[in-house]
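Reviewing the structure listed below.
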Amino acid sequence: MRPSFTLLRTDGAARRGQIQTTRGTIETPAFMACATAATVKALSPDQVHATGAEIILSNTYHLMLRPGAERIRRLGGLHEFMKWPWPILTDSGGYQVMSLSELAKITEQGVTFRSHVDGSAHELTPERAVEIQALLGSDIQMVLDECTPFPATREVAEASMQRSMRWAERARAAFLKRTDVNGLGQFGIVQGSIYPELRTRSLEALLPLDFEGHAVGGLAVGEGQEAMFTVLDGIVPLMPQEKPRYLMGVGKPDDIVGSVMRGIDLFDCVLPTRSGRHGQAFTWDGPVNLKNARFAEDLSPLDPDSECPASSLYSRAYLHHLVRSGEMLGAVLLSWHNLAFFQTVLRGLRLAIERGEGQRFSRGFLERYRPLRAEFA
């Protein structure tokens, strides 16, 4: 059985659903913690799952280079390797190839590049990306696409989108030919930068390939929230109701809330743990910088009502001390808190949609969550 989607309730454009996989059910809308190199940085799998995470994302590019997809297969597959028995989504590696490697070259065949680890030469094609993800054994796999730069002219965006669609067709054919993908699924990726007509044409090219789900790619790359929401307003209503919708690489809590209200089901971002490692905590009143001296004698916790110990047991003064001292525990506790906060927001959205109160939840959250005021306070 390949992954499937059940739509349980709608509230305006917002959706409450479930993605069923052989390794468990994912309640949507959902946020995926990023386990880039087979680990959610600073946290154990049990800690991650205890925050409410039901699915995580791992990275094809990093795992193909180190320790290698073939080695992971010999060691029992990615789930066994990292002791995460629940669903895993893997991205195709295309974004990392083109963002981390200065020596990447794109052709119709695929991408050739040199490893950022040891300089070794590699080629990533749509077919090889499918093979790597099958070796890893991830439950949901993404097709290889070309990451369109931003800003991009319409001509550049169109050529990039068309190549991604040709690669998607090759990736789907390669996936369906394999005998080791039973129970696994594959998502296509809508591209087209900020151009509505290109986005529509991209989706139209993907629909006949009958992917198990669809992603919106090429956003959160510098275009700003208003432009991102404009793209979503145009393309999401055209996406199939019966399949999950994934917004790749997003994002900040206010981005997520706004995107859920526009019909997105699935998100991922490195922000909770990356921010935690740099002393930033997300709160209902916006992000706060624990390096700030005003927290030096603040005995209040980050969130006294949270079930996460990192959120409710430790004072801001103690967290400030850990961050300022460069203690490893500071990164652990803030990453743990941040991921728990993201999961709490998504849980609140799910409950609000079930009750037909999505707009009220969204409006109340955004009125209280003031990132610019809080971040620089």
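Just so we're on the same page: first chain in the structure tokens is A, next is B, and so on; residues restart at 1 for each chain, and ligands are numbered from 1 in the order they show up.
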
Which residues of stretch 116-156 of chain A sit at most 12 Å from stretch 13-23 of chain A, using only C-alpha atoms? Give each one's shortest atom pair and distance in Å (one decimal place), in chain and ascending residue order, as JSON lines.
{"residue": "A:Gly137", "atom": "CA", "partner": "A:Arg23", "partner_atom": "CA", "distance": 11.4}
{"residue": "A:Ser138", "atom": "CA", "partner": "A:Arg23", "partner_atom": "CA", "distance": 10.2}
{"residue": "A:Asp139", "atom": "CA", "partner": "A:Thr21", "partner_atom": "CA", "distance": 7.2}
{"residue": "A:Ile140", "atom": "CA", "partner": "A:Thr21", "partner_atom": "CA", "distance": 8.8}

Written file, previous selection with C-alpha atoms, as a PDB file, in the first residue's frame:
ATOM      1  CA  GLY A 137      13.974   3.159   2.383  1.00  0.00           C
ATOM      2  CA  SER A 138      12.244   6.478   3.035  1.00  0.00           C
ATOM      3  CA  ASP A 139       8.454   6.381   3.082  1.00  0.00           C
ATOM      4  CA  ILE A 140       7.957   9.483   0.921  1.00  0.00           C
TER       5      ILE A 140
END

### Long-range neighbours of A:Pro45 as a list in words, 9 Å cut-off, only C-alpha atoms, 5 positions minimum in chain
Thr39, Val40, Ala50, Met82, Lys83 and Trp84 of chain A

Go ahead and save the residues from that selection, with C-alpha atoms, as a compact mmCIF listing (two decimals), in the first residue's frame.
# COMPACT_ATOMS: atom_id res chain seq x y z
CA THR A 39 19.87 13.17 13.03
CA VAL A 40 17.75 16.05 14.24
CA ALA A 50 7.87 13.20 22.26
CA MET A 82 18.94 6.16 13.12
CA LYS A 83 16.45 4.32 15.35
CA TRP A 84 13.44 6.24 14.05

#### Entry: For A:Gln359, the nearest of the candidates A:Gly251, A:Pro126, A:Pro149, A:Gly258, counting only C-alpha atoms
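Of A:Gly251, A:Pro126, A:Pro149, A:Gly258, the one nearest A:Gln359, counting only C-alpha atoms, is A:Gly258.
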
### Selection near A:Gly348, 12 Å with only C-alpha atoms, sequence-local residues under 5 positions removed, as a list of chain:residue names
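What passes the distance filter is A:Arg16, A:Thr28, A:Pro29, A:Ala30, A:Gly52, A:Val257, A:Val260, A:Phe341, A:Phe342, A:Gln343, A:Ile353, A:Glu354, A:Arg355, A:Glu357, A:Gly358, A:Gln359, A:Arg360, A:Phe361, A:Ser362, A:Gly364, A:Phe365.
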
### Task
Quick one: pull the distance between atom CA of A:Arg274 and atom CA of A:Ile194, Å, one decimal.
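Computing it gives 27.0 Å between the two atoms.
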
### Query
Nearest to A:Gln141: which of A:Phe113, A:Trp284, A:Trp167, A:Phe211 is it, counting only C-alpha atoms?
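Checking each of A:Phe113, A:Trp284, A:Trp167, A:Phe211 against A:Gln141, counting only C-alpha atoms, the winner is A:Phe211.
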